[in-house]
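Trainee: Have a look at the structure that comes next, please.
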Amino acid sequence: MKCELCHNHDAQTVIYRREADGSSRELYVCRTCADAERAFGGPRGVSVTAMEAPEPPPGAGNLPQQLLGKLESLLSRLPEGPEDGEGRVDFTDGGSKRCPSCGLSLDDLQNLSAVGCAKCYAFFGEALRTIVADLQGCRKYAGDPPAERQPGDGAGEGSREARLGALRKALKQAIEDEDYVNAKRFREELRKLEDEPPAKPPEGEEPHGA
Amino acid sequence: MARDLDTLFPPACRGVQDIVLKTQLSLVRNHPEHPFPQHMTRREGLAFAEELCERVKSLFGAEDVTDDPLTSDIAETYFGLSPLSRRGPFYRLLRKALGRGSYFWIEVGAMNHLTFSVLCEHDAMPQQAEALWGLVSLYERRYPFAYAQPWGYLSAQLSFAGTGFRIRTWVHVPGLSHFDQLTQLCNAAERYGCLVEIDGPEDEAPPGNLAILFNRSTMDAPVAEIARRHRRFLGMLCDAEDQARRRLRLDFPFVLYDRMKRMRGLLRDAEMLEPDEALDVLSAYRLGIATGALKGREAKAGFPHFWFESVWDGPMIREMECRMTPEEQTMLVRAMPPGVERHGYQHSCCRVQWLRMLITVRLDPAFVREAKEWRG
């Protein structure tokens, strides 16, 4: 059966349109049309009711609750035996292995709805990745890179250009916000940095964190 | 019912300000060498919180306002900071004034080592998101944060792993709520990478018809892009809400009229109001102003959002202290039934007195006539 709205795709679901006179009309439609129809209801005088077996609206519940659900389902389908020899968690004891740094187990994570430390991410690896993918719908970080470190403040050498850019931006923001104390500080740092000769680029900076 | 829409909805009363109450941007960050706050011992937590506070003070010139309970309480209600239940034993709150009534907030030891947040303007979301990122990067250049691929920045809550960025917008949606379109709103939001938080059971209108819109993923794009997407969906939401309000005003004026009368009745006759009831009163009030059903001195477009927040005890008391003379405060206390303090009802009684000033607005005669014609 073809979709009753676009007449192109196969009908996959049914929606109920409420007409202006109060009557309800059943329409067999494809998923694309269903999504378009139920976004905010139809034009004036017609509203669209969600159909299918309705799941709880996303976000209507709280995230910790969703997290608990994910963890429960994850624990129930954990593989037998360790995944590999690279320090990942061994699930044979039902996820009670503990992070060597903070002592958190997956059971604790279920109770607290919170990760214990940065090392947990490496230790629980794939298990956390599955939960994050379910929670966020994404598996890989695609955001801005971390800021370079300032010279003399740690292991890494900062990128001069990046620092200059950040300082200029911070200075502009401070001036806009009429935060003259910080604006003065940023201006001085900027001058100092501009007077410095450019440093050699760092070779293979160590990643920090987990 | 041919009418000029612009007469019914003067441009000044339409748009984002009527629907969007406020938007908060926040970034959570942790340091790699320490466990996250919930897993710290008390001693370790106190020492580390002290160290973080010192860094923040020296870097940003922020002041510590943890020991001011009213500011701390108000910060939660006004600025969307961590609720009391999520503040650990070594929680510290610092702020840096940015301008008039605007602050850069830094929370230490909430769920994460550091939470940086600001309230932002609707039109400038991407720019302000970048500015916040830049500000936090200044800190990061000295003290690196926990970061690892493929996660990005590591946080105590998995829903924050990635950029650690959350953009939350408080919206007032009486129109969508009236036409039972909140479920559709939630469905649509998910397709645009947003989630909607609604207080109360899903089949009931939330108190005050308020909802919070926030980004689902914090790792799939840079913060400015996340903010851009958020703003795009917010624009759609505002259009849908605007349409729903028009529909209510044009097609069901008597329903709106009934709501205004109930609101005025409560304001006139109630002796006590609980926060949720007060939110509903304010929701009707704002809707009345936005649709032109109410007129009066206070009926201004973009009325400050504090009305919603001032129904909570801490902010209400502060607003009263700030805005009333001692004589007015004494009169207000006298207006309350005797003995309410003894029985713990003083805030409910205070709330009525505080909101009663809204009754000075009146129903627009043209609207009343139209509503009665519709009924007749």
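Residue numbering restarts at 1 in every chain; chains get A, B, ... in the order shown in the structure tokens, and ligands count up from 1 in that same order.
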So that I can check the surroundings of stretch 273-279 of chain B, please list as a PyMOL selection string every protein, DNA and RNA residue that reaches within 9 Å of it, counting only C-alpha atoms and ignoring chain neighbours fewer than 4 positions away.
Mentor: chain B and resi 206-210+266+283-284+307-309+311-313+347-352+355
Trainee: Quick one: of B:Leu135, B:Ile359, B:Val171, B:Ala240, who's nearest to A:Gln173, counting only C-alpha atoms?
Mentor: B:Leu135
Trainee: Which residues in stretch 86-228 of chain B does DSSP call alpha helix (DSSP H)? List them as an MDAnalysis selection string.
Mentor: chainID B and resid 125:142 174:178 182:191 223:228
Trainee: Might you pull out every residue within 10 Å of stretch 82-84 of chain B, with only C-alpha atoms counted and same-chain residues fewer than 2 positions away left off, and present them as a PDB file with C-alpha atoms, in the first residue's frame?
Mentor:
```pdb
ATOM      1  CA  SER B  72      23.515  30.612  46.249  1.00  0.00           C
ATOM      2  CA  ASP B  73      19.811  29.751  46.290  1.00  0.00           C
ATOM      3  CA  ALA B  75      21.723  31.363  41.519  1.00  0.00           C
ATOM      4  CA  GLU B  76      19.972  28.038  41.115  1.00  0.00           C
ATOM      5  CA  THR B  77      16.617  29.574  40.283  1.00  0.00           C
ATOM      6  CA  PHE B  79      20.853  31.256  36.520  1.00  0.00           C
ATOM      7  CA  GLY B  80      20.175  27.529  36.225  1.00  0.00           C
ATOM      8  CA  ARG B  86      23.684  18.046  43.410  1.00  0.00           C
ATOM      9  CA  ARG B  87      26.104  20.140  45.368  1.00  0.00           C
ATOM     10  CA  GLY B  88      28.727  17.994  47.043  1.00  0.00           C
ATOM     11  CA  TYR B  91      30.846  22.693  46.586  1.00  0.00           C
ATOM     12  CA  LEU B  93      30.298  28.955  43.982  1.00  0.00           C
ATOM     13  CA  GLU B 107      30.958  26.123  40.229  1.00  0.00           C
ATOM     14  CA  ALA B 110      29.295  20.070  41.846  1.00  0.00           C
ATOM     15  CA  MET B 111      29.092  16.907  39.731  1.00  0.00           C
ATOM     16  CA  THR B 115      31.280  24.093  35.719  1.00  0.00           C
TER      17      THR B 115
END
```
Trainee: I'd like the contact shell of B:Glu121 - 9 Å cut-off, only C-alpha atoms, skipping same-chain residues fewer than 6 positions apart - returned as a PyMOL selection string.
Mentor: chain B and resi 22-23+128
Trainee: Just the residues within 8 Å of B:Ala221, please, counting only C-alpha atoms, with nothing from its chain fewer than 2 positions along; format it as a list in words.
Mentor: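 The contact residues come out as Tyr141, Ala142, Gly143 and Asp144 of chain A; Thr218, Met219, Val223, Glu225 and Ile226 of chain B.
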Trainee: Once DSSP has gone over the backbone, tell me which residues of stretch 120-239 of chain B are in strand (DSSP E or B), as an mmCIF file with C-alpha atoms, in the first residue's frame.
Mentor:
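Wrote part_12.cif, looks like this:
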```cif
data_model
loop_
_atom_site.group_PDB
_atom_site.id
_atom_site.type_symbol
_atom_site.label_atom_id
_atom_site.label_comp_id
_atom_site.auth_asym_id
_atom_site.auth_seq_id
_atom_site.Cartn_x
_atom_site.Cartn_y
_atom_site.Cartn_z
ATOM 1 C CA CYS B 120 23.149 34.458 26.929
ATOM 2 C CA TYR B 147 40.737 14.948 27.552
ATOM 3 C CA ALA B 148 41.070 11.776 25.487
ATOM 4 C CA GLY B 152 36.762 14.583 23.990
ATOM 5 C CA TYR B 153 36.606 16.193 27.433
ATOM 6 C CA GLY B 162 32.618 15.460 24.532
ATOM 7 C CA PHE B 165 28.805 21.921 26.552
ATOM 8 C CA ARG B 166 25.168 22.296 27.428
ATOM 9 C CA ILE B 167 22.835 24.916 26.102
ATOM 10 C CA ARG B 168 19.546 25.133 27.941
ATOM 11 C CA THR B 169 16.648 27.355 27.049
ATOM 12 C CA TRP B 170 13.633 27.905 29.262
ATOM 13 C CA VAL B 171 10.560 28.400 27.119
ATOM 14 C CA HIS B 172 6.984 29.362 27.862
ATOM 15 C CA CYS B 194 17.519 18.581 21.093
ATOM 16 C CA LEU B 195 15.711 17.167 24.083
ATOM 17 C CA VAL B 196 12.840 18.693 26.008
ATOM 18 C CA GLU B 197 12.510 18.538 29.751
ATOM 19 C CA ILE B 198 8.978 18.893 31.010
ATOM 20 C CA LEU B 210 7.215 25.828 31.015
ATOM 21 C CA ALA B 211 9.659 23.523 29.296
ATOM 22 C CA ILE B 212 13.430 23.374 29.032
ATOM 23 C CA LEU B 213 15.080 22.734 25.699
ATOM 24 C CA PHE B 214 18.643 21.415 25.654
ATOM 25 C CA ASN B 215 21.131 19.787 23.306
#
```
Trainee: Give the answer as one residue: which of B:Met324, B:Arg262, B:Leu25, B:Pro315 has the shortest atom-to-atom distance to B:Leu132, using only C-alpha atoms?
Mentor: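 That would be B:Leu25, the residue with the smallest distance to B:Leu132.
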